[in-house]
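Engineer: This is the content of query08.pdb (PDB, C-alpha atoms, pLDDT in the B column):
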```
ATOM      1  CA  MET A   5      -2.994  -8.303  -1.018  1.00 42.00           C
ATOM      2  CA  GLY A   6      -5.784  -9.289  -3.332  1.00 46.00           C
ATOM      3  CA  GLU A   7      -6.146  -8.314  -6.929  1.00 48.00           C
ATOM      4  CA  HIS A   8      -8.762  -5.661  -6.094  1.00 44.00           C
ATOM      5  CA  GLY A   9      -8.017  -4.184  -2.702  1.00 47.00           C
ATOM      6  CA  GLN A  10      -7.095  -5.457   0.695  1.00 55.00           C
ATOM      7  CA  LEU A  11      -9.485  -8.384   1.189  1.00 58.00           C
ATOM      8  CA  PRO A  12      -8.157 -11.174  -1.024  1.00 69.00           C
ATOM      9  CA  ARG A  13     -10.463 -13.806   0.484  1.00 70.00           C
ATOM     10  CA  TRP A  14     -13.421 -11.861  -0.869  1.00 75.00           C
ATOM     11  CA  ASP A  15     -12.107 -10.959  -4.332  1.00 79.00           C
ATOM     12  CA  ARG A  16     -13.870 -13.760  -6.222  1.00 81.00           C
ATOM     13  CA  ALA A  17     -17.220 -13.054  -4.560  1.00 81.00           C
ATOM     14  CA  LEU A  18     -16.854  -9.316  -5.132  1.00 82.00           C
ATOM     15  CA  ALA A  19     -15.991  -9.908  -8.793  1.00 83.00           C
ATOM     16  CA  ARG A  20     -19.428 -11.479  -9.335  1.00 84.00           C
ATOM     17  CA  ILE A  21     -21.210  -8.228  -8.470  1.00 82.00           C
ATOM     18  CA  ASP A  22     -22.374  -6.092 -11.391  1.00 80.00           C
ATOM     19  CA  VAL A  23     -22.964  -2.444 -10.610  1.00 77.00           C
ATOM     20  CA  ALA A  24     -25.503  -0.941 -12.971  1.00 61.00           C
ATOM     21  CA  LYS A  25     -24.358   2.668 -12.663  1.00 65.00           C
ATOM     22  CA  PRO A  26     -20.836   3.151 -11.341  1.00 60.00           C
ATOM     23  CA  GLY A  27     -20.576   6.130  -9.078  1.00 61.00           C
ATOM     24  CA  ARG A  28     -18.000   8.835  -8.734  1.00 63.00           C
ATOM     25  CA  THR A  29     -14.792   7.644  -7.104  1.00 59.00           C
ATOM     26  CA  PRO A  30     -13.773   9.580  -3.972  1.00 60.00           C
ATOM     27  CA  ALA A  31     -11.007  12.061  -4.725  1.00 61.00           C
ATOM     28  CA  TRP A  32      -9.018  11.525  -1.526  1.00 66.00           C
ATOM     29  CA  THR A  33      -5.809   9.532  -1.344  1.00 65.00           C
ATOM     30  CA  PRO A  34      -4.554   8.069   1.923  1.00 68.00           C
ATOM     31  CA  VAL A  35      -1.274   9.720   2.928  1.00 74.00           C
ATOM     32  CA  GLY A  36       1.774   7.585   2.224  1.00 75.00           C
ATOM     33  CA  SER A  37      -0.064   4.834   0.361  1.00 75.00           C
ATOM     34  CA  ARG A  38       1.056   3.403  -2.946  1.00 79.00           C
ATOM     35  CA  PRO A  39      -1.473   2.971  -5.777  1.00 76.00           C
ATOM     36  CA  SER A  40      -1.236  -0.818  -5.373  1.00 76.00           C
ATOM     37  CA  GLN A  41      -2.434  -0.416  -1.762  1.00 74.00           C
ATOM     38  CA  ARG A  42      -5.486   1.690  -2.583  1.00 75.00           C
ATOM     39  CA  PRO A  43      -8.882   0.468  -3.777  1.00 75.00           C
ATOM     40  CA  THR A  44      -9.437   0.848  -7.492  1.00 77.00           C
ATOM     41  CA  ASP A  45     -12.413   2.590  -9.131  1.00 78.00           C
ATOM     42  CA  TRP A  46     -13.749  -0.937  -9.667  1.00 80.00           C
ATOM     43  CA  ASP A  47     -13.594  -1.539  -5.898  1.00 80.00           C
ATOM     44  CA  TYR A  48     -15.138   1.793  -4.955  1.00 80.00           C
ATOM     45  CA  ASP A  49     -18.070   1.297  -7.332  1.00 82.00           C
ATOM     46  CA  ARG A  50     -18.922  -1.999  -5.659  1.00 85.00           C
ATOM     47  CA  TYR A  51     -18.282  -0.888  -2.076  1.00 84.00           C
ATOM     48  CA  LEU A  52     -20.460   2.207  -2.412  1.00 85.00           C
ATOM     49  CA  TRP A  53     -23.206   0.297  -4.209  1.00 88.00           C
ATOM     50  CA  LEU A  54     -23.225  -2.345  -1.464  1.00 90.00           C
ATOM     51  CA  VAL A  55     -23.459   0.355   1.211  1.00 91.00           C
ATOM     52  CA  SER A  56     -26.356   1.965  -0.671  1.00 91.00           C
ATOM     53  CA  LEU A  57     -28.180  -1.381  -0.567  1.00 93.00           C
ATOM     54  CA  LEU A  58     -27.653  -1.646   3.188  1.00 94.00           C
ATOM     55  CA  ARG A  59     -29.255   1.788   3.533  1.00 95.00           C
ATOM     56  CA  LYS A  60     -32.088   0.749   1.212  1.00 95.00           C
ATOM     57  CA  TYR A  61     -32.806  -2.259   3.451  1.00 96.00           C
ATOM     58  CA  GLN A  62     -32.495   0.018   6.512  1.00 96.00           C
ATOM     59  CA  TYR A  63     -29.878  -2.349   7.946  1.00 95.00           C
ATOM     60  CA  ASP A  64     -32.632  -4.904   8.591  1.00 96.00           C
ATOM     61  CA  ASP A  65     -30.937  -8.306   8.973  1.00 93.00           C
ATOM     62  CA  ALA A  66     -33.878 -10.231   7.499  1.00 96.00           C
ATOM     63  CA  GLN A  67     -34.037  -7.981   4.421  1.00 96.00           C
ATOM     64  CA  ILE A  68     -30.294  -8.108   3.943  1.00 94.00           C
ATOM     65  CA  TYR A  69     -30.210 -11.891   4.250  1.00 93.00           C
ATOM     66  CA  ARG A  70     -33.016 -12.223   1.698  1.00 95.00           C
ATOM     67  CA  HIS A  71     -31.862  -9.698  -0.902  1.00 94.00           C
ATOM     68  CA  TYR A  72     -28.229  -8.653  -0.410  1.00 91.00           C
ATOM     69  CA  PRO A  73     -25.947  -9.897  -3.221  1.00 88.00           C
ATOM     70  CA  PHE A  74     -22.790 -10.090  -1.111  1.00 88.00           C
ATOM     71  CA  LEU A  75     -23.283 -12.515   1.776  1.00 85.00           C
ATOM     72  CA  ILE A  76     -19.917 -13.842   2.932  1.00 82.00           C
ATOM     73  CA  LYS A  77     -19.081 -16.287   5.694  1.00 80.00           C
ATOM     74  CA  ASP A  78     -15.513 -15.459   6.589  1.00 78.00           C
ATOM     75  CA  VAL A  79     -14.188 -18.359   8.650  1.00 83.00           C
ATOM     76  CA  PHE A  80     -11.155 -16.407   9.848  1.00 85.00           C
ATOM     77  CA  PHE A  81     -13.274 -13.525  11.142  1.00 84.00           C
ATOM     78  CA  SER A  82     -15.664 -15.968  12.808  1.00 88.00           C
ATOM     79  CA  ALA A  83     -12.756 -17.692  14.567  1.00 91.00           C
ATOM     80  CA  VAL A  84     -11.425 -14.350  15.838  1.00 93.00           C
ATOM     81  CA  LEU A  85     -14.915 -13.410  17.050  1.00 92.00           C
ATOM     82  CA  VAL A  86     -15.289 -16.707  18.944  1.00 93.00           C
ATOM     83  CA  SER A  87     -11.885 -16.232  20.599  1.00 95.00           C
ATOM     84  CA  ALA A  88     -12.686 -12.644  21.541  1.00 95.00           C
ATOM     85  CA  ASN A  89     -16.028 -13.674  23.040  1.00 94.00           C
ATOM     86  CA  ALA A  90     -14.358 -16.439  25.071  1.00 93.00           C
ATOM     87  CA  ALA A  91     -11.804 -13.923  26.392  1.00 94.00           C
ATOM     88  CA  LEU A  92     -14.591 -11.491  27.337  1.00 93.00           C
ATOM     89  CA  LEU A  93     -16.426 -14.249  29.197  1.00 91.00           C
ATOM     90  CA  ASP A  94     -13.240 -15.038  31.128  1.00 89.00           C
ATOM     91  CA  LEU A  95     -12.865 -11.348  31.996  1.00 90.00           C
ATOM     92  CA  ALA A  96     -16.498 -11.139  33.106  1.00 88.00           C
ATOM     93  CA  MET A  97     -15.915 -13.952  35.609  1.00 83.00           C
ATOM     94  CA  TRP A  98     -12.752 -12.376  37.036  1.00 77.00           C
ATOM     95  CA  PRO A  99     -14.263  -9.577  39.189  1.00 71.00           C
ATOM     96  CA  GLY A 100     -16.539 -12.044  40.988  1.00 67.00           C
ATOM     97  CA  GLN A 101     -13.751 -14.358  42.105  1.00 62.00           C
TER
END
```
Any chance you could give the structure as structure tokens?

Structural biologist:
Amino acid sequence: MGEHGQLPRWDRALARIDVAKPGRTPAWTPVGSRPSQRPTDWDYDRYLWLVSLLRKYQYDDAQIYRHYPFLIKDVFFSAVLVSANAALLDLAMWPGQ
């Protein structure tokens, strides 16, 4: 697990984000989780701020690509996506055989 949450590959990129006005941290706690497994206030401030920016840009890909401060190319996720797409293509061919 990463220093700040559950996405260690993104910790360094997330650490570069400055949130001007930290928000209020959600008061819920996942059942059965240890404090070391939960996001910190530091994490929540950034996550919620990033989501607010997505809303501001109305989830427009062009706007997000131009202005969003947290653009990440996760090679692992991309590899999983490629494999999943290849499997779906194989499945799509199956009924026609």

Engineer: Give the centre and edge lengths of an axis-aligned box, in Å to one decimal, that holds all listed atoms of region 86-89 of chain A with 8 Å on each side, as lines of an AutoDock Vina configuration file.

Structural biologist:
```
center_x = -14.0
center_y = -14.7
center_z = 21.0
size_x = 20.1
size_y = 20.1
size_z = 20.1
```

Engineer: What's the separation between CA of Ser40 (chain A) and CA of Leu58 (chain A), in Å to one decimal place?

Structural biologist: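 Computed distance, CA of Ser40 (chain A) to CA of Leu58 (chain A), equals 27.8 Å.
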
Engineer: Hey, which of A:Ala19, A:Ala66, A:Ala91, A:Leu85 ends up closest to Trp46 (chain A)? Count only C-alpha atoms.

Structural biologist: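 Smallest separation from Trp46 (chain A) among the options: A:Ala19.
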
Engineer: Point out the residue among A:Gly36, A:Ser82, A:Lys77, A:Val23 with the least atom-to-atom distance to Leu57 (chain A), counting all atoms listed in the file.

Structural biologist: A:Val23

Engineer: As an exercise, work out the distance from CA of Arg59 (chain A) to CA of Tyr72 (chain A) in Å and give it to one decimal place.

Structural biologist: 11.2 Å

Engineer: Measure the distance from CA of Pro73 (chain A) to CA of Arg50 (chain A) in Å and round it to one decimal.

Structural biologist: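 For CA of Pro73 (chain A) relative to CA of Arg50 (chain A), the distance reads 10.8 Å.
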
Engineer: Point out the residue among A:Leu54, A:Ile76, A:Asp64, A:Ala88 with the least atom-to-atom distance to Ile21 (chain A), counting all atoms listed in the file.

Structural biologist: A:Leu54

Engineer: Under the rule that only C-alpha atoms are counted, which of A:Phe81, A:Lys60, A:Pro43, A:Asn89 is the nearest residue to Asp15 (chain A)?

Structural biologist: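 Residue with the minimum atom-to-atom distance to Asp15 (chain A): A:Pro43.
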